[in-house]
Number of protein chains: 2
Amino acid sequence: MSPTFKKLDPLLHSELRLAIMSLLEETEEADFVYIKEVTGATSGNLSVQIDKLAEAGYIQIEKGFSGKKPRTVCRITPEGKAAFERYFDALKSYFLHK
Amino acid sequence: MSPTFKKLDPLLHSELRLAIMSLLEETEEADFVYIKEVTGATSGNLSVQIDKLAEAGYIQIEKGFSGKKPRTVCRITPEGKAAFERYFDALKSYFLHK
DNA sequence: AAAATTTGGTTTATAAAATAAACTACTTTA
DNA sequence: TAAAGTAGTTTATTTTATAAACCAAATTTT
């Protein structure tokens, strides 16, 4: 059979969103500022991308305060974990010989 | 240390271009029609994407004829192989725990 | 205590990319 | 010889990513 390439979830096939998900998969939860530092993203881009992930149900966003400062905490959901796993599996089909 | 995510080559971080490169890495060469079949891409999209890969020097495009029919053959270059390898390595940084 | 700066974001605008639709040129089949 | 098929390219549209501008509250400086 000819090699067939599995479809890559477009929501995860984005450098920044993938980094966010990878981070959250390891840490379970992380706040906006930390994610921004680790990924090197701009605030604007990060804000947009976590919203997309939240809309898809891949992460949960909790807005609260740390003292008087706003604090946005992100957490990966079970659906998010499953999607991340599926994305990883799909990716393998592009690197079968590796 | 906090996890750092390696930059993903934007030219390879595209589902179709990645499929093309993956295919060519395995087969060394493949023609337009075959790539189209395997990837399920439309002709238009495929035409655009192989041009981008060729402009980057990742593949070579050879236009000839098979009998009276035009035949476009693509071949991966050493630079293309190196880029593909680098992309794969970078990708690993997003899946360290896997 | 007013003014300026920093923090933690959101919103809007712009640039780049992917996809689809339309078209070209030629060949084969009915 | 007209219709349909093959092998693509070009152009237009939609989607996505990125960057720039903005906002409110808190903190620091003078």
# chains A, B, ... in the order shown; residues from 1 in each chain; ligands from 1
$ interface_residues --of "chain C" --to "chain A" --cutoff "8 Å" --atoms "only C-alpha atoms (C1' of nucleotides)" --output "ChimeraX atom specification"
/C:7-10
$ write_last_selection --atoms "C-alpha atoms (C1' of nucleotides)" --output "PDB file, in the first residue's frame"
ATOM      1  C1'  DT C   7       1.297  44.449  34.663  1.00  0.00           C
ATOM      2  C1'  DG C   8      -2.023  41.652  32.537  1.00  0.00           C
ATOM      3  C1'  DG C   9      -4.369  41.338  29.409  1.00  0.00           C
ATOM      4  C1'  DT C  10      -8.144  42.371  24.933  1.00  0.00           C
TER       5       DT C  10
END
$ interface_residues --of "chain D" --to "chain A" --cutoff "10 Å" --atoms "only C-alpha atoms (C1' of nucleotides)" --output "list in words"
DT16, DA17, DT18, DA19, DA20, DA25 and DA26 of chain D
$ write_last_selection --atoms "N, CA and C atoms (P, O5', C5', C4', C3', O3' and C1' of nucleotides)" --output "short mmCIF file (atom, residue, chain, number, x, y, z; two decimals), in the first residue's frame"
data_model
loop_
_atom_site.label_atom_id
_atom_site.label_comp_id
_atom_site.auth_asym_id
_atom_site.auth_seq_id
_atom_site.Cartn_x
_atom_site.Cartn_y
_atom_site.Cartn_z
P DT D 16 -9.36 28.47 9.94
"O5'" DT D 16 -7.94 29.15 10.17
"C5'" DT D 16 -6.86 28.83 9.31
"C4'" DT D 16 -5.62 29.63 9.70
"C3'" DT D 16 -5.41 29.83 11.19
"O3'" DT D 16 -4.19 29.19 11.50
"C1'" DT D 16 -5.06 31.86 9.98
P DA D 17 -3.48 29.27 12.92
"O5'" DA D 17 -2.49 30.51 12.75
"C5'" DA D 17 -1.59 30.51 11.64
"C4'" DA D 17 -0.72 31.74 11.68
"C3'" DA D 17 -0.09 32.04 13.03
"O3'" DA D 17 1.26 32.34 12.78
"C1'" DA D 17 -1.29 33.94 12.24
P DT D 18 2.29 32.68 13.98
"O5'" DT D 18 2.28 34.27 13.95
"C5'" DT D 18 2.68 34.92 12.75
"C4'" DT D 18 2.47 36.41 12.89
"C3'" DT D 18 3.11 37.02 14.14
"O3'" DT D 18 4.12 37.88 13.67
"C1'" DT D 18 0.94 37.89 13.76
P DA D 19 5.08 38.67 14.69
"O5'" DA D 19 4.48 40.15 14.64
"C5'" DA D 19 4.03 40.66 13.40
"C4'" DA D 19 3.24 41.93 13.63
"C3'" DA D 19 3.82 42.83 14.71
"O3'" DA D 19 3.81 44.13 14.17
"C1'" DA D 19 1.54 42.45 15.13
P DA D 20 4.66 45.32 14.90
"O5'" DA D 20 3.52 46.43 15.07
"C5'" DA D 20 2.51 46.54 14.08
"C4'" DA D 20 1.31 47.24 14.68
"C3'" DA D 20 1.66 48.33 15.69
"O3'" DA D 20 0.94 49.49 15.32
"C1'" DA D 20 0.07 46.86 16.61
P DA D 25 -10.84 49.72 36.22
"O5'" DA D 25 -9.66 49.20 37.14
"C5'" DA D 25 -9.40 47.80 37.17
"C4'" DA D 25 -7.97 47.59 37.62
"C3'" DA D 25 -7.63 48.29 38.94
"O3'" DA D 25 -7.15 47.31 39.82
"C1'" DA D 25 -5.95 48.68 37.31
P DA D 26 -6.86 47.63 41.36
"O5'" DA D 26 -5.26 47.64 41.39
"C5'" DA D 26 -4.56 46.47 40.96
"C4'" DA D 26 -3.09 46.80 40.85
"C3'" DA D 26 -2.49 47.40 42.11
"O3'" DA D 26 -1.39 46.58 42.47
"C1'" DA D 26 -1.89 48.68 40.21
#
$ interface_residues --of "chain A" --to "chain B" --cutoff "12 Å" --atoms "only C-alpha atoms" --output "NGL selection string"
:A and (1-10 or 12-27 or 30 or 34-41 or 84-85 or 87-98)
$ select_by_dssp --residues "chain B" --states "alpha helix (DSSP H)" --output "ChimeraX atom specification"
/B:15-27,32-39,43-55,78-92
$ write_last_selection --atoms "N, CA and C atoms" --output "CSV table (one decimal), in the first residue's frame"
chain,number,residue,atom,x,y,z
B,15,GLU,N,0.5,20.8,6.5
B,15,GLU,CA,0.1,19.4,6.3
B,15,GLU,C,0.5,18.9,4.9
B,16,LEU,N,0.1,19.6,3.9
B,16,LEU,CA,0.4,19.1,2.5
B,16,LEU,C,1.9,19.1,2.2
B,17,ARG,N,2.6,20.2,2.5
B,17,ARG,CA,4.0,20.2,2.2
B,17,ARG,C,4.8,19.1,3.0
B,18,LEU,N,4.3,18.9,4.2
B,18,LEU,CA,5.0,17.9,5.0
B,18,LEU,C,4.7,16.5,4.4
B,19,ALA,N,3.5,16.3,3.9
B,19,ALA,CA,3.2,15.0,3.3
B,19,ALA,C,4.0,14.8,2.0
B,20,ILE,N,4.2,15.8,1.3
B,20,ILE,CA,5.0,15.8,0.1
B,20,ILE,C,6.4,15.4,0.4
B,21,MET,N,7.0,16.1,1.4
B,21,MET,CA,8.3,15.8,1.8
B,21,MET,C,8.5,14.4,2.4
B,22,SER,N,7.6,14.0,3.2
B,22,SER,CA,7.6,12.7,3.7
B,22,SER,C,7.6,11.6,2.6
B,23,LEU,N,6.8,11.8,1.7
B,23,LEU,CA,6.7,10.9,0.6
B,23,LEU,C,8.0,10.9,-0.2
B,24,LEU,N,8.5,12.0,-0.6
B,24,LEU,CA,9.7,12.1,-1.4
B,24,LEU,C,10.9,11.6,-0.6
B,25,GLU,N,10.9,11.7,0.7
B,25,GLU,CA,12.0,11.2,1.5
B,25,GLU,C,12.1,9.7,1.4
B,26,GLU,N,10.9,9.1,1.3
B,26,GLU,CA,10.8,7.6,1.2
B,26,GLU,C,11.1,7.1,-0.2
B,27,THR,N,10.6,7.9,-1.2
B,27,THR,CA,10.6,7.3,-2.5
B,27,THR,C,11.7,7.9,-3.4
B,32,PHE,N,3.8,14.3,-10.2
B,32,PHE,CA,2.7,15.1,-9.8
B,32,PHE,C,1.4,14.3,-9.5
B,33,VAL,N,1.1,13.4,-10.5
B,33,VAL,CA,-0.2,12.7,-10.4
B,33,VAL,C,-0.1,11.7,-9.2
B,34,TYR,N,1.0,11.1,-9.0
B,34,TYR,CA,1.1,10.2,-7.9
B,34,TYR,C,1.0,10.9,-6.5
B,35,ILE,N,1.7,12.0,-6.4
B,35,ILE,CA,1.7,12.8,-5.2
B,35,ILE,C,0.3,13.2,-4.9
B,36,LYS,N,-0.4,13.6,-6.0
B,36,LYS,CA,-1.8,14.1,-5.8
B,36,LYS,C,-2.7,13.0,-5.3
B,37,GLU,N,-2.5,11.8,-5.8
B,37,GLU,CA,-3.3,10.6,-5.4
B,37,GLU,C,-3.0,10.3,-3.9
B,38,VAL,N,-1.7,10.2,-3.6
B,38,VAL,CA,-1.4,9.8,-2.2
B,38,VAL,C,-1.8,10.8,-1.2
B,39,THR,N,-1.6,12.1,-1.5
B,39,THR,CA,-2.0,13.1,-0.5
B,39,THR,C,-3.4,13.5,-0.6
B,43,SER,N,-5.2,19.7,-7.5
B,43,SER,CA,-4.1,20.0,-8.4
B,43,SER,C,-3.6,21.4,-8.1
B,44,GLY,N,-4.5,22.3,-7.9
B,44,GLY,CA,-4.1,23.7,-7.6
B,44,GLY,C,-3.2,23.9,-6.4
B,45,ASN,N,-3.7,23.3,-5.4
B,45,ASN,CA,-2.9,23.3,-4.1
B,45,ASN,C,-1.6,22.7,-4.3
B,46,LEU,N,-1.6,21.5,-4.9
B,46,LEU,CA,-0.3,20.8,-5.1
B,46,LEU,C,0.7,21.6,-5.9
B,47,SER,N,0.2,22.2,-7.0
B,47,SER,CA,1.0,23.0,-7.8
B,47,SER,C,1.7,24.1,-7.1
B,48,VAL,N,0.9,24.8,-6.3
B,48,VAL,CA,1.4,25.9,-5.5
B,48,VAL,C,2.5,25.4,-4.4
B,49,GLN,N,2.1,24.3,-3.8
B,49,GLN,CA,3.0,23.9,-2.7
B,49,GLN,C,4.3,23.3,-3.2
B,50,ILE,N,4.3,22.6,-4.3
B,50,ILE,CA,5.6,22.1,-4.8
B,50,ILE,C,6.5,23.2,-5.3
B,51,ASP,N,5.9,24.3,-5.8
B,51,ASP,CA,6.6,25.4,-6.2
B,51,ASP,C,7.3,26.0,-5.0
B,52,LYS,N,6.6,26.1,-3.9
B,52,LYS,CA,7.2,26.7,-2.7
B,52,LYS,C,8.4,25.9,-2.2
B,53,LEU,N,8.2,24.6,-2.2
B,53,LEU,CA,9.3,23.7,-1.8
B,53,LEU,C,10.5,23.8,-2.7
B,54,ALA,N,10.2,23.9,-4.0
B,54,ALA,CA,11.3,24.0,-5.0
B,54,ALA,C,12.0,25.4,-4.8
B,55,GLU,N,11.3,26.4,-4.6
B,55,GLU,CA,11.9,27.7,-4.4
B,55,GLU,C,12.9,27.7,-3.2
B,78,PRO,N,19.3,17.2,-1.1
B,78,PRO,CA,20.0,17.0,0.2
B,78,PRO,C,19.6,18.1,1.2
B,79,GLU,N,19.4,19.3,0.8
B,79,GLU,CA,18.9,20.4,1.7
B,79,GLU,C,17.5,20.0,2.2
B,80,GLY,N,16.7,19.5,1.3
B,80,GLY,CA,15.4,19.1,1.7
B,80,GLY,C,15.4,18.0,2.8
B,81,LYS,N,16.3,17.0,2.6
B,81,LYS,CA,16.4,16.0,3.6
B,81,LYS,C,16.9,16.5,4.9
B,82,ALA,N,17.8,17.4,4.9
B,82,ALA,CA,18.4,18.0,6.1
B,82,ALA,C,17.3,18.8,6.8
B,83,ALA,N,16.5,19.6,6.0
B,83,ALA,CA,15.4,20.4,6.6
B,83,ALA,C,14.4,19.5,7.2
B,84,PHE,N,14.1,18.4,6.6
B,84,PHE,CA,13.1,17.4,7.1
B,84,PHE,C,13.5,16.8,8.4
B,85,GLU,N,14.8,16.5,8.4
B,85,GLU,CA,15.4,15.9,9.7
B,85,GLU,C,15.3,17.0,10.8
B,86,ARG,N,15.7,18.2,10.5
B,86,ARG,CA,15.6,19.3,11.5
B,86,ARG,C,14.2,19.5,12.0
B,87,TYR,N,13.3,19.4,11.1
B,87,TYR,CA,11.9,19.6,11.5
B,87,TYR,C,11.5,18.5,12.5
B,88,PHE,N,11.9,17.3,12.1
B,88,PHE,CA,11.5,16.2,13.0
B,88,PHE,C,12.1,16.3,14.4
B,89,ASP,N,13.4,16.8,14.4
B,89,ASP,CA,14.0,17.0,15.7
B,89,ASP,C,13.3,18.1,16.5
B,90,ALA,N,13.0,19.1,15.8
B,90,ALA,CA,12.3,20.2,16.5
B,90,ALA,C,11.0,19.8,17.1
B,91,LEU,N,10.3,19.0,16.3
B,91,LEU,CA,9.0,18.4,16.7
B,91,LEU,C,9.1,17.6,18.0
B,92,LYS,N,10.2,17.0,18.2
B,92,LYS,CA,10.4,16.2,19.4
B,92,LYS,C,10.3,17.0,20.7
$ residues_around --residues "DT28 in chain C" --least-positions-apart "6" --cutoff "10 Å" --atoms "only C-alpha atoms (C1' of nucleotides)" --output "ChimeraX atom specification"
/D:4-6
$ write_last_selection --atoms "N, CA and C atoms (P, O5', C5', C4', C3', O3' and C1' of nucleotides)" --output "mmCIF file, in the first residue's frame"
data_model
loop_
_atom_site.group_PDB
_atom_site.id
_atom_site.type_symbol
_atom_site.label_atom_id
_atom_site.label_comp_id
_atom_site.auth_asym_id
_atom_site.auth_seq_id
_atom_site.Cartn_x
_atom_site.Cartn_y
_atom_site.Cartn_z
ATOM 1 P P DA D 4 -19.638 15.617 -22.609
ATOM 2 O "O5'" DA D 4 -18.300 14.878 -22.151
ATOM 3 C "C5'" DA D 4 -18.048 13.551 -22.626
ATOM 4 C "C4'" DA D 4 -16.636 13.163 -22.262
ATOM 5 C "C3'" DA D 4 -16.256 13.509 -20.824
ATOM 6 O "O3'" DA D 4 -15.577 12.384 -20.287
ATOM 7 C "C1'" DA D 4 -14.646 14.380 -22.296
ATOM 8 P P DG D 5 -15.259 12.229 -18.742
ATOM 9 O "O5'" DG D 5 -13.668 12.142 -18.755
ATOM 10 C "C5'" DG D 5 -13.038 11.192 -19.624
ATOM 11 C "C4'" DG D 5 -11.569 11.539 -19.739
ATOM 12 C "C3'" DG D 5 -10.914 11.830 -18.384
ATOM 13 O "O3'" DG D 5 -9.757 11.007 -18.290
ATOM 14 C "C1'" DG D 5 -10.367 13.512 -19.958
ATOM 15 P P DT D 6 -8.915 10.900 -16.966
ATOM 16 O "O5'" DT D 6 -7.582 11.686 -17.369
ATOM 17 C "C5'" DT D 6 -6.872 11.342 -18.557
ATOM 18 C "C4'" DT D 6 -5.676 12.271 -18.698
ATOM 19 C "C3'" DT D 6 -4.931 12.548 -17.394
ATOM 20 O "O3'" DT D 6 -3.556 12.358 -17.647
ATOM 21 C "C1'" DT D 6 -5.469 14.577 -18.454
#
$ atom_distance --atom1 "CA of Gly57 in chain B" --atom2 "CA of Arg75 in chain B"
10.6 Å
$ select_by_dssp --residues "chain B" --states "strand (DSSP E)" --output "ChimeraX atom specification"
/B:29-31,59-66,69-76
$ atom_distance --atom1 "CA of Tyr58 in chain A" --atom2 "CA of Thr77 in chain A"
5.5 Å
